[in-house]
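Engineer: The structure under discussion is supplied below as structure tokens; questions concerning it will follow.
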Amino acid sequence: MKVVEIFKSVEGEGLRAGLCCTFIRLFGCNLACSFCDTVYGWQKEYEKDTTEMSIEEITTAVDEFGIKAVTITGGEPLIHKELPFLLKALVDMGCEVNVETNGSIIPPFNHVNVFYTMDFKTNASGMSAKMNKNAFLRLSGRDVIKFVVGSLADCNQAKEFLLDYWKEHVGEHPQVFFSPVFGCIEAKEIVAFLLQNPELYNCKAQLQLHKYIWDKNQRGV
């Protein structure tokens, strides 16, 4: 597998925000979001900086960090055919794994110690047409839907999706988070939007902690 970096930091958002985690960033993505903050995780010019690693080499590196909370990110992790085998190996080590995915691919692996943070790409990304509703319908109560919004129009798009989605989804619904495109919309606007829409009172506003703790362009955090 092509690995960009393996490092330890705090989870910046979602269910484990603020928790110490080991991050595995895999290279490659099937989308090209306009506001992507990790272009080094998929643009061709950065491929030369990746390291080809076996599953055993990856799990050894994870084990050396000594943190059982693991987040696999990218790029887009689900484009890697070896991912289910990596997930199994991590679970067998006793890890709880968060897979950050972009909402275009159906998750291939279900386990009590694996959950998905699935990003619905709003119009601000330029990739909204690539969203796969069947991928979201596969999510369970232990998973997350994340909307990164750049405007109130994006917020309304997210609302429309959720109202339709909740009618179709069977079982316990995934948790829902709204977060701002950094520098495009203020968090207080998102909070005001949620407060003005009672249908969304079960949704959460969030910030990307790592962009407030470190420089927003810093890698390995």
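Labeling convention for the structure tokens: chains A, B, ... as they appear, residues from 1 per chain, ligands from 1 in order of appearance.
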For the alpha helix (DSSP H) assignment from backbone DSSP, which residues of region 16-174 of chain A qualify? Please present them as a PyMOL selection string.
Structural biologist: chain A and resi 55-65+83-92+133-137+152-168
Engineer: Near Leu163 (chain A), counting only C-alpha atoms, which residues have an atom at most 12 Å away, once you skip same-chain residues fewer than 6 positions from it, shown as a ChimeraX atom specification?
Structural biologist: /A:156-157,169,197-200
Engineer: Do you know which residues are at most 9 Å from region 119-121 of chain A counting only C-alpha atoms, after dropping those on the same chain fewer than 5 positions away, and could you put them as a PyMOL selection string?
Structural biologist: chain A and resi 33+100-104+126-131+136+144-149+158
Engineer: Just write the chosen residues, C-alpha atoms, as a PDB file, in the first residue's frame.
Structural biologist:
```pdb
ATOM      1  CA  CYS A  33     -12.350  18.612  -3.771  1.00  0.00           C
ATOM      2  CA  GLU A 100     -12.304   8.607   7.023  1.00  0.00           C
ATOM      3  CA  THR A 101     -14.022   8.261   3.650  1.00  0.00           C
ATOM      4  CA  ASN A 102     -15.495  10.624   1.080  1.00  0.00           C
ATOM      5  CA  GLY A 103     -19.003   9.266   0.523  1.00  0.00           C
ATOM      6  CA  SER A 104     -18.480   7.931  -2.983  1.00  0.00           C
ATOM      7  CA  GLY A 126     -17.307  20.676  -6.502  1.00  0.00           C
ATOM      8  CA  MET A 127     -17.767  16.926  -5.946  1.00  0.00           C
ATOM      9  CA  SER A 128     -21.380  16.734  -4.780  1.00  0.00           C
ATOM     10  CA  ALA A 129     -22.488  14.807  -7.869  1.00  0.00           C
ATOM     11  CA  LYS A 130     -20.101  11.982  -6.911  1.00  0.00           C
ATOM     12  CA  MET A 131     -21.947  11.144  -3.681  1.00  0.00           C
ATOM     13  CA  PHE A 136     -24.463   6.348   3.407  1.00  0.00           C
ATOM     14  CA  VAL A 144     -20.571   9.399  11.430  1.00  0.00           C
ATOM     15  CA  ILE A 145     -21.813  11.584   8.599  1.00  0.00           C
ATOM     16  CA  LYS A 146     -19.777  14.774   8.280  1.00  0.00           C
ATOM     17  CA  PHE A 147     -20.764  17.866   6.320  1.00  0.00           C
ATOM     18  CA  VAL A 148     -17.956  20.323   5.611  1.00  0.00           C
ATOM     19  CA  VAL A 149     -19.854  23.444   4.623  1.00  0.00           C
ATOM     20  CA  ALA A 158     -27.016  19.096   3.945  1.00  0.00           C
TER      21      ALA A 158
END
```
Engineer: Need the shell around Phe65 (chain A): protein/DNA/RNA residues with any atom at most 8 Å away, counting only C-alpha atoms. Skip same-chain ones fewer than 4 positions apart. Format as a list in words?
Structural biologist: Lys8, Thr22 and Ala61 of chain A
Engineer: For region 83-90 of chain A, find every residue with an atom within 7 Å (counting only C-alpha atoms), except residues of its own chain fewer than 5 positions away, and show them as a ChimeraX atom specification.
Structural biologist: /A:55,59,78,95,108-109
Engineer: When you count only C-alpha atoms, which of these residues is closest to Tyr212 (chain A): A:Glu96, A:Asn110, A:Lys68, A:Gly12?
Structural biologist: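 Closest candidate: A:Gly12.
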Engineer: Which residues are close to Gln208 (chain A), i.e. within 10 Å by only C-alpha atoms, leaving aside same-chain residues fewer than 3 positions away? Reply as a list in words.
Structural biologist: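 Everything that qualifies: Glu11, Gly12, Glu13, Gly14, Ala17, Gly18, Ser179, Pro180, Val181, Phe182, Lys211, Tyr212, Ile213 and Lys216 of chain A.
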Engineer: Can you write out the residues you just picked, keeping C-alpha atoms, as a PDB file, in the first residue's frame?
Structural biologist:
```pdb
ATOM      1  CA  GLU A  11      -8.083  13.429  16.616  1.00  0.00           C
ATOM      2  CA  GLY A  12      -9.155  16.807  15.294  1.00  0.00           C
ATOM      3  CA  GLU A  13     -12.860  16.175  14.796  1.00  0.00           C
ATOM      4  CA  GLY A  14     -15.713  13.715  15.070  1.00  0.00           C
ATOM      5  CA  ALA A  17     -12.090  14.773  18.938  1.00  0.00           C
ATOM      6  CA  GLY A  18      -9.234  15.525  21.326  1.00  0.00           C
ATOM      7  CA  SER A 179     -17.954  21.785  10.320  1.00  0.00           C
ATOM      8  CA  PRO A 180     -16.823  24.893   8.413  1.00  0.00           C
ATOM      9  CA  VAL A 181     -14.574  25.077   5.389  1.00  0.00           C
ATOM     10  CA  PHE A 182     -11.672  26.814   7.097  1.00  0.00           C
ATOM     11  CA  LYS A 211      -6.090  23.697  12.758  1.00  0.00           C
ATOM     12  CA  TYR A 212      -6.371  25.726  15.946  1.00  0.00           C
ATOM     13  CA  ILE A 213      -3.617  23.897  17.823  1.00  0.00           C
ATOM     14  CA  LYS A 216      -3.513  24.939   9.312  1.00  0.00           C
TER      15      LYS A 216
END
```
Engineer: Using Å and a single decimal, report how far CA of Lys2 (chain A) sits from CA of Ile106 (chain A).
Structural biologist: 20.9 Å
